[in-house]
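Down below is the structure, laid out as structure tokens.
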Amino acid sequence: MLADRRTTIVVVTWNSAEHIQDFLRAVPDAMHDCGRWDVVVVDNASSDGTAELARTAGVEVTVVQTGRNAGYAAGINAGIDAASDSDGYLFLNADVRLTPSCVAELWRAVEHPGCGIVVPRLVDENRCLQWSLRREPRVSRTLGEALLGGRRAGRYRALGEVVTNADEYAHDHTVDWATGAACLVTADCVARVGRWDESFFLYSEETDYALRARDAGLVVRYASRAEAVHIGGDVHESSALYNVMTRNRVVLYRRRHLLVPSIVFWAATLLNELLRSGSAVHRSAARELVLRSAALLRS
């Protein structure tokens, strides 16, 4: 019964003044008929008044100050630590807007046997579908995206990590993982999988957690009727962010695989950046992969 659930909403912020009040004002409607709920705002030392704005948005919140820009995984862990007696944790970016039926649909999807994590359908401000579903990182998929491009390769399970087949977003099903902008994680999953890996400052922390959940015998479910608006920017516009994302993909793969296949994965990742080196973002990522290759491939 939804009325018996207790949900803790955890939003991790860093200089999120532009978004935090609109985020919080959307929460009450989203939680209608979803039982008890509370909101934890974990602020990573914002300098733009994010925490103060959160306290004056008209929604009761608990603000946790980490005292530093600790990253997304550390923020999630701090949010879990600040909660008690929750049946599930809804982890969200501040630039996500929940729709009125979203959370109820997420909880309904939890009823699937073995479900530990549920992710919604993400759309942009114009209600256009975002490619948020992902397949497990593999050499074949990284190479496929390098040679064919992500949009084309993603139509085929063997060739692409990013799911770009619209049919896959039309129905509920089990997925390997999904982007971390919005996900509901059950308390049972938290108990079995443990804390999020804070060594991933940004990017790949959600991949790591979803794969660890699978290792623990749980599944990630996509709830097609649970819709959330994601306003987020494009990581491909920032060399600094794209470098972190690219490096962490190699680090995560290495942690789960032996050295030789990890070297091949690194090479396929590098090939992708070299083939697109007309862009400054991709040139920067290629340099990072070469300069840090030894560190990235260290076990």
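Identifiers in this document derive from the order of the structure tokens: chains are assigned A, B, ..., residues are numbered from 1 separately in each chain, and ligands are numbered from 1 in order of occurrence.
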
Run DSSP on the backbone and give me the residues of segment 106-222 of chain A it puts in helix (DSSP H, G or I), as a ChimeraX atom specification. /A:106-110,139-148,150-153,166-169,187-193,205-215

Using only C-alpha atoms, the shortest atom-to-atom distance to Thr269 of chain A among A:His230, A:Arg138, A:Arg298, A:Arg151 belongs to A:Arg138

From a DSSP pass on the backbone, collect the residues of segment 108-298 of chain A flagged as strand (DSSP E) and hand them back as a PyMOL selection string. chain A and resi 115-123+133-134+173-175+177-178+182-186+219-230

Let me see the file: selected residues, N, CA, C and O atoms, as a compact mmCIF listing (two decimals), in the first residue's frame.
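Resulting contents of again22.txt:
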# COMPACT_ATOMS: atom_id res chain seq x y z
N CYS A 115 13.19 -6.29 -7.17
CA CYS A 115 13.51 -4.91 -7.54
C CYS A 115 14.18 -4.18 -6.38
O CYS A 115 13.69 -4.18 -5.25
N GLY A 116 15.29 -3.52 -6.67
CA GLY A 116 15.98 -2.71 -5.67
C GLY A 116 16.06 -1.25 -6.04
O GLY A 116 16.16 -0.38 -5.17
N ILE A 117 16.02 -0.96 -7.34
CA ILE A 117 16.15 0.41 -7.85
C ILE A 117 15.12 0.60 -8.96
O ILE A 117 14.93 -0.28 -9.80
N VAL A 118 14.47 1.77 -8.97
CA VAL A 118 13.54 2.11 -10.04
C VAL A 118 13.91 3.48 -10.59
O VAL A 118 14.21 4.40 -9.82
N VAL A 119 13.89 3.61 -11.91
CA VAL A 119 14.19 4.89 -12.55
C VAL A 119 13.00 5.31 -13.40
O VAL A 119 12.28 4.48 -13.95
N PRO A 120 12.77 6.63 -13.52
CA PRO A 120 11.63 7.11 -14.30
C PRO A 120 12.00 7.39 -15.75
O PRO A 120 13.18 7.33 -16.15
N ARG A 121 11.01 7.70 -16.51
CA ARG A 121 11.20 8.23 -17.87
C ARG A 121 11.58 9.70 -17.73
O ARG A 121 10.86 10.49 -17.10
N LEU A 122 12.69 10.10 -18.30
CA LEU A 122 13.14 11.48 -18.22
C LEU A 122 12.85 12.21 -19.53
O LEU A 122 13.11 11.67 -20.62
N VAL A 123 12.31 13.40 -19.41
CA VAL A 123 12.04 14.25 -20.58
C VAL A 123 12.63 15.63 -20.32
O VAL A 123 12.90 16.00 -19.17
N LEU A 133 18.48 5.56 -20.38
CA LEU A 133 18.74 4.16 -20.05
C LEU A 133 20.10 3.74 -20.60
O LEU A 133 20.54 4.21 -21.65
N ARG A 134 20.75 2.83 -19.86
CA ARG A 134 22.09 2.41 -20.21
C ARG A 134 22.23 0.89 -20.12
O ARG A 134 21.53 0.22 -19.36
N HIS A 173 10.53 -2.39 -17.93
CA HIS A 173 11.40 -3.55 -18.07
C HIS A 173 12.64 -3.38 -17.19
O HIS A 173 12.90 -2.30 -16.64
N THR A 174 13.40 -4.45 -17.07
CA THR A 174 14.64 -4.43 -16.30
C THR A 174 15.76 -3.87 -17.18
O THR A 174 15.86 -4.20 -18.36
N VAL A 175 16.59 -3.01 -16.59
CA VAL A 175 17.70 -2.40 -17.31
C VAL A 175 18.99 -2.63 -16.51
O VAL A 175 18.95 -2.99 -15.33
N TRP A 177 21.42 -0.19 -16.02
CA TRP A 177 21.53 1.00 -15.18
C TRP A 177 20.93 2.17 -15.93
O TRP A 177 20.47 2.01 -17.06
N ALA A 178 20.90 3.33 -15.30
CA ALA A 178 20.35 4.53 -15.93
C ALA A 178 21.05 5.74 -15.34
O ALA A 178 21.69 5.66 -14.28
N ALA A 182 17.68 10.82 -11.37
CA ALA A 182 16.50 10.47 -10.58
C ALA A 182 16.42 8.96 -10.44
O ALA A 182 16.41 8.23 -11.43
N CYS A 183 16.36 8.49 -9.19
CA CYS A 183 16.18 7.05 -8.97
C CYS A 183 15.64 6.82 -7.56
O CYS A 183 16.00 7.52 -6.62
N LEU A 184 14.76 5.84 -7.47
CA LEU A 184 14.22 5.40 -6.18
C LEU A 184 14.94 4.12 -5.79
O LEU A 184 14.95 3.15 -6.55
N VAL A 185 15.56 4.13 -4.61
CA VAL A 185 16.31 2.98 -4.11
C VAL A 185 15.64 2.50 -2.83
O VAL A 185 15.43 3.29 -1.90
N THR A 186 15.28 1.24 -2.77
CA THR A 186 14.59 0.72 -1.60
C THR A 186 15.54 0.63 -0.40
O THR A 186 16.76 0.52 -0.56
N VAL A 219 17.51 -6.10 -9.00
CA VAL A 219 17.43 -5.59 -10.37
C VAL A 219 17.05 -4.11 -10.37
O VAL A 219 16.48 -3.59 -9.40
N VAL A 220 17.37 -3.46 -11.49
CA VAL A 220 16.97 -2.08 -11.74
C VAL A 220 15.80 -2.12 -12.71
O VAL A 220 15.87 -2.77 -13.77
N ARG A 221 14.71 -1.45 -12.36
CA ARG A 221 13.53 -1.43 -13.21
C ARG A 221 13.30 -0.02 -13.76
O ARG A 221 13.48 0.98 -13.07
N TYR A 222 12.91 0.03 -15.02
CA TYR A 222 12.51 1.29 -15.65
C TYR A 222 11.00 1.36 -15.61
O TYR A 222 10.30 0.43 -16.06
N ALA A 223 10.46 2.46 -15.07
CA ALA A 223 9.01 2.66 -14.95
C ALA A 223 8.58 3.66 -16.02
O ALA A 223 8.79 4.87 -15.86
N SER A 224 7.99 3.17 -17.09
CA SER A 224 7.70 4.02 -18.24
C SER A 224 6.63 5.07 -17.96
O SER A 224 6.59 6.12 -18.61
N ARG A 225 5.76 4.81 -16.98
CA ARG A 225 4.68 5.76 -16.67
C ARG A 225 5.07 6.78 -15.61
O ARG A 225 4.30 7.68 -15.30
N ALA A 226 6.25 6.63 -15.05
CA ALA A 226 6.77 7.61 -14.09
C ALA A 226 7.61 8.61 -14.85
O ALA A 226 8.69 8.29 -15.34
N GLU A 227 7.12 9.82 -14.96
CA GLU A 227 7.81 10.81 -15.78
C GLU A 227 8.34 11.95 -14.91
O GLU A 227 7.66 12.45 -14.02
N ALA A 228 9.57 12.37 -15.20
CA ALA A 228 10.18 13.51 -14.53
C ALA A 228 10.85 14.38 -15.57
O ALA A 228 11.39 13.88 -16.56
N VAL A 229 10.80 15.68 -15.34
CA VAL A 229 11.42 16.64 -16.25
C VAL A 229 12.84 16.91 -15.77
O VAL A 229 13.06 17.23 -14.61
N HIS A 230 13.79 16.75 -16.68
CA HIS A 230 15.20 16.99 -16.35
C HIS A 230 15.70 18.17 -17.18
O HIS A 230 15.75 18.11 -18.40

Pick out the residues sitting within 10 Å of segment 196-198 of chain A, and hand them over as a list in words; count only C-alpha atoms, and ignore anything fewer than 5 positions along from it in its own chain. Ala70, Gly71, Tyr72, Ala73, Ala74, Gly75, Ile76, Asn77, Val190, Ser204, Glu205, Glu206, Asp208, Tyr209 and Arg212 of chain A

Resulting file, chosen residues, N, CA, C and O atoms, as an mmCIF file, in the first residue's frame:
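This is the output file result22.cif:
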data_model
loop_
_atom_site.group_PDB
_atom_site.id
_atom_site.type_symbol
_atom_site.label_atom_id
_atom_site.label_comp_id
_atom_site.auth_asym_id
_atom_site.auth_seq_id
_atom_site.Cartn_x
_atom_site.Cartn_y
_atom_site.Cartn_z
ATOM 1 N N ALA A 70 31.803 17.825 -1.979
ATOM 2 C CA ALA A 70 32.150 16.431 -1.716
ATOM 3 C C ALA A 70 31.788 15.480 -2.851
ATOM 4 O O ALA A 70 32.204 14.333 -2.844
ATOM 5 N N GLY A 71 30.999 15.949 -3.821
ATOM 6 C CA GLY A 71 30.586 15.085 -4.912
ATOM 7 C C GLY A 71 29.210 14.475 -4.681
ATOM 8 O O GLY A 71 28.628 14.575 -3.591
ATOM 9 N N TYR A 72 28.685 13.841 -5.728
ATOM 10 C CA TYR A 72 27.316 13.335 -5.686
ATOM 11 C C TYR A 72 27.175 12.128 -4.771
ATOM 12 O O TYR A 72 26.238 12.055 -3.963
ATOM 13 N N ALA A 73 28.094 11.174 -4.868
ATOM 14 C CA ALA A 73 27.987 9.965 -4.043
ATOM 15 C C ALA A 73 28.084 10.302 -2.562
ATOM 16 O O ALA A 73 27.332 9.772 -1.737
ATOM 17 N N ALA A 74 29.009 11.180 -2.207
ATOM 18 C CA ALA A 74 29.142 11.581 -0.805
ATOM 19 C C ALA A 74 27.891 12.292 -0.320
ATOM 20 O O ALA A 74 27.461 12.117 0.831
ATOM 21 N N GLY A 75 27.286 13.088 -1.197
ATOM 22 C CA GLY A 75 26.043 13.757 -0.837
ATOM 23 C C GLY A 75 24.918 12.772 -0.590
ATOM 24 O O GLY A 75 24.139 12.915 0.361
ATOM 25 N N ILE A 76 24.820 11.753 -1.432
ATOM 26 C CA ILE A 76 23.796 10.720 -1.237
ATOM 27 C C ILE A 76 24.009 10.003 0.091
ATOM 28 O O ILE A 76 23.063 9.777 0.861
ATOM 29 N N ASN A 77 25.255 9.642 0.382
ATOM 30 C CA ASN A 77 25.541 8.958 1.646
ATOM 31 C C ASN A 77 25.160 9.837 2.840
ATOM 32 O O ASN A 77 24.610 9.346 3.836
ATOM 33 N N VAL A 190 19.570 -0.541 -0.058
ATOM 34 C CA VAL A 190 20.610 0.184 0.684
ATOM 35 C C VAL A 190 21.267 -0.721 1.714
ATOM 36 O O VAL A 190 22.494 -0.723 1.875
ATOM 37 N N SER A 204 29.653 7.737 -13.095
ATOM 38 C CA SER A 204 29.926 6.315 -12.867
ATOM 39 C C SER A 204 29.550 5.841 -11.467
ATOM 40 O O SER A 204 29.545 4.636 -11.218
ATOM 41 N N GLU A 205 29.225 6.755 -10.539
ATOM 42 C CA GLU A 205 28.793 6.293 -9.229
ATOM 43 C C GLU A 205 27.466 5.563 -9.322
ATOM 44 O O GLU A 205 27.246 4.563 -8.628
ATOM 45 N N GLU A 206 26.563 6.028 -10.216
ATOM 46 C CA GLU A 206 25.289 5.339 -10.381
ATOM 47 C C GLU A 206 25.470 4.014 -11.113
ATOM 48 O O GLU A 206 24.776 3.030 -10.822
ATOM 49 N N ASP A 208 28.186 2.110 -10.950
ATOM 50 C CA ASP A 208 28.772 1.238 -9.936
ATOM 51 C C ASP A 208 27.701 0.710 -8.985
ATOM 52 O O ASP A 208 27.657 -0.489 -8.685
ATOM 53 N N TYR A 209 26.812 1.591 -8.529
ATOM 54 C CA TYR A 209 25.805 1.169 -7.552
ATOM 55 C C TYR A 209 24.809 0.189 -8.172
ATOM 56 O O TYR A 209 24.431 -0.810 -7.545
ATOM 57 N N ARG A 212 26.497 -3.163 -8.561
ATOM 58 C CA ARG A 212 26.634 -3.795 -7.247
ATOM 59 C C ARG A 212 25.285 -4.324 -6.762
ATOM 60 O O ARG A 212 25.220 -5.376 -6.097
#

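Using only C-alpha atoms, the protein and nucleic acid residues lying no more than 9 Å from segment 152-163 of chain A, apart from those fewer than 5 places from it along its own chain, are A:Trp131, A:Ser132, A:Leu133, A:Arg134, A:Arg135, A:Glu136, A:Pro137, A:Arg138, A:Ser140, A:Arg141, A:Thr142, A:Leu143, A:Gly144, A:Glu145, A:Ala146, A:Leu147, A:Glu168, A:Tyr169, A:Ala178.
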
Same residues, N, CA and C atoms, saved as a tab-separated table (two decimals), in the first residue's frame:
chain	number	residue	atom	x	y	z
A	131	TRP	N	17.54	10.23	-23.61
A	131	TRP	CA	18.09	8.87	-23.64
A	131	TRP	C	18.78	8.60	-22.30
A	132	SER	N	18.04	8.12	-21.34
A	132	SER	CA	18.55	7.98	-19.97
A	132	SER	C	18.92	6.55	-19.60
A	133	LEU	N	18.48	5.56	-20.38
A	133	LEU	CA	18.74	4.16	-20.05
A	133	LEU	C	20.10	3.74	-20.60
A	134	ARG	N	20.75	2.83	-19.86
A	134	ARG	CA	22.09	2.41	-20.21
A	134	ARG	C	22.23	0.89	-20.12
A	135	ARG	N	23.17	0.38	-20.92
A	135	ARG	CA	23.56	-1.03	-20.84
A	135	ARG	C	24.91	-1.12	-20.14
A	136	GLU	N	25.24	-2.28	-19.64
A	136	GLU	CA	26.50	-2.45	-18.93
A	136	GLU	C	27.68	-2.11	-19.84
A	137	PRO	N	28.67	-1.37	-19.35
A	137	PRO	CA	29.84	-1.06	-20.17
A	137	PRO	C	30.57	-2.32	-20.62
A	138	ARG	N	30.81	-2.41	-21.92
A	138	ARG	CA	31.55	-3.52	-22.50
A	138	ARG	C	32.45	-2.99	-23.61
A	140	SER	N	32.78	-4.19	-26.62
A	140	SER	CA	32.04	-4.16	-27.89
A	140	SER	C	31.17	-2.92	-28.01
A	141	ARG	N	30.58	-2.49	-26.90
A	141	ARG	CA	29.71	-1.32	-26.93
A	141	ARG	C	30.51	-0.03	-27.05
A	142	THR	N	31.63	0.02	-26.35
A	142	THR	CA	32.47	1.21	-26.44
A	142	THR	C	33.05	1.34	-27.85
A	143	LEU	N	33.45	0.22	-28.43
A	143	LEU	CA	33.97	0.23	-29.79
A	143	LEU	C	32.86	0.56	-30.79
A	144	GLY	N	31.67	0.02	-30.57
A	144	GLY	CA	30.54	0.30	-31.46
A	144	GLY	C	30.21	1.78	-31.47
A	145	GLU	N	30.18	2.40	-30.29
A	145	GLU	CA	29.89	3.83	-30.23
A	145	GLU	C	30.99	4.65	-30.87
A	146	ALA	N	32.24	4.20	-30.73
A	146	ALA	CA	33.36	4.92	-31.34
A	146	ALA	C	33.24	4.90	-32.86
A	147	LEU	N	32.91	3.76	-33.43
A	147	LEU	CA	32.91	3.60	-34.88
A	147	LEU	C	31.61	4.04	-35.55
A	168	GLU	N	12.29	1.02	-26.48
A	168	GLU	CA	12.73	0.57	-25.16
A	168	GLU	C	12.21	1.47	-24.04
A	169	TYR	N	11.75	2.67	-24.39
A	169	TYR	CA	11.25	3.62	-23.40
A	169	TYR	C	9.72	3.60	-23.29
A	178	ALA	N	20.90	3.33	-15.30
A	178	ALA	CA	20.35	4.53	-15.93
A	178	ALA	C	21.05	5.74	-15.34

Residues within 6 Å of Ala45 of chain A, only C-alpha atoms, excluding chain neighbours under 3 positions, as a list of chain:residue names: A:Gly67, A:Arg68, A:Asn69

File of the preceding selection, N, CA, C and O atoms, as a tab-separated table (two decimals), in the first residue's frame:
chain	number	residue	atom	x	y	z
A	67	GLY	N	30.12	20.84	4.07
A	67	GLY	CA	31.27	21.70	4.35
A	67	GLY	C	32.30	21.73	3.25
A	67	GLY	O	33.33	22.40	3.36
A	68	ARG	N	32.04	21.00	2.15
A	68	ARG	CA	32.98	20.97	1.02
A	68	ARG	C	32.23	20.49	-0.21
A	68	ARG	O	31.11	19.98	-0.11
A	69	ASN	N	32.84	20.67	-1.37
A	69	ASN	CA	32.25	20.12	-2.58
A	69	ASN	C	32.62	18.64	-2.63
A	69	ASN	O	33.62	18.24	-3.23

Could you name the residues that touch Val290 of chain A at 12 Å or less, counting only C-alpha atoms, but leaving out those on the same chain fewer than 3 positions away, as a ChimeraX atom specification? /A:243,246-247,250,263,266-267,269-271,273-274,283-287,293-297

Residues near Tyr89 of chain A, anyone? I mean within 8 Å using only C-alpha atoms, not counting same-chain ones fewer than 2 positions away, as a list of chain:residue names. A:Thr7, A:Thr8, A:Ile9, A:Val10, A:Ile80, A:Ser86, A:Asp87, A:Phe91, A:Leu184, A:Val185, A:Thr186, A:Ala187

Create the file for the chosen residues now, containing C-alpha atoms and written as a PDB file, in the first residue's frame.
ATOM      1  CA  THR A   7       9.948   8.061   1.287  1.00  0.00           C
ATOM      2  CA  THR A   8      13.012  10.179   1.935  1.00  0.00           C
ATOM      3  CA  ILE A   9      13.766  12.546  -0.921  1.00  0.00           C
ATOM      4  CA  VAL A  10      17.470  13.353  -1.083  1.00  0.00           C
ATOM      5  CA  ILE A  80      20.933   8.483   3.869  1.00  0.00           C
ATOM      6  CA  SER A  86      12.476   5.140   5.410  1.00  0.00           C
ATOM      7  CA  ASP A  87      11.154   2.464   3.083  1.00  0.00           C
ATOM      8  CA  PHE A  91      17.746  10.494  -5.085  1.00  0.00           C
ATOM      9  CA  LEU A 184      14.223   5.403  -6.182  1.00  0.00           C
ATOM     10  CA  VAL A 185      16.308   2.984  -4.111  1.00  0.00           C
ATOM     11  CA  THR A 186      14.591   0.721  -1.601  1.00  0.00           C
ATOM     12  CA  ALA A 187      15.767   0.518   1.995  1.00  0.00           C
TER      13      ALA A 187
END

Two-atom distance - atom CA of Trp37 of chain A, atom CA of Gly217 of chain A (Å): 27.3 Å

Ranking A:Cys128, A:Ala30, A:Val244, A:Ile20 by minimum distance to Ala94 of chain A and counting only C-alpha atoms, which one comes first?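 Among A:Cys128, A:Ala30, A:Val244, A:Ile20, it is A:Ile20 that comes nearest to Ala94 of chain A.
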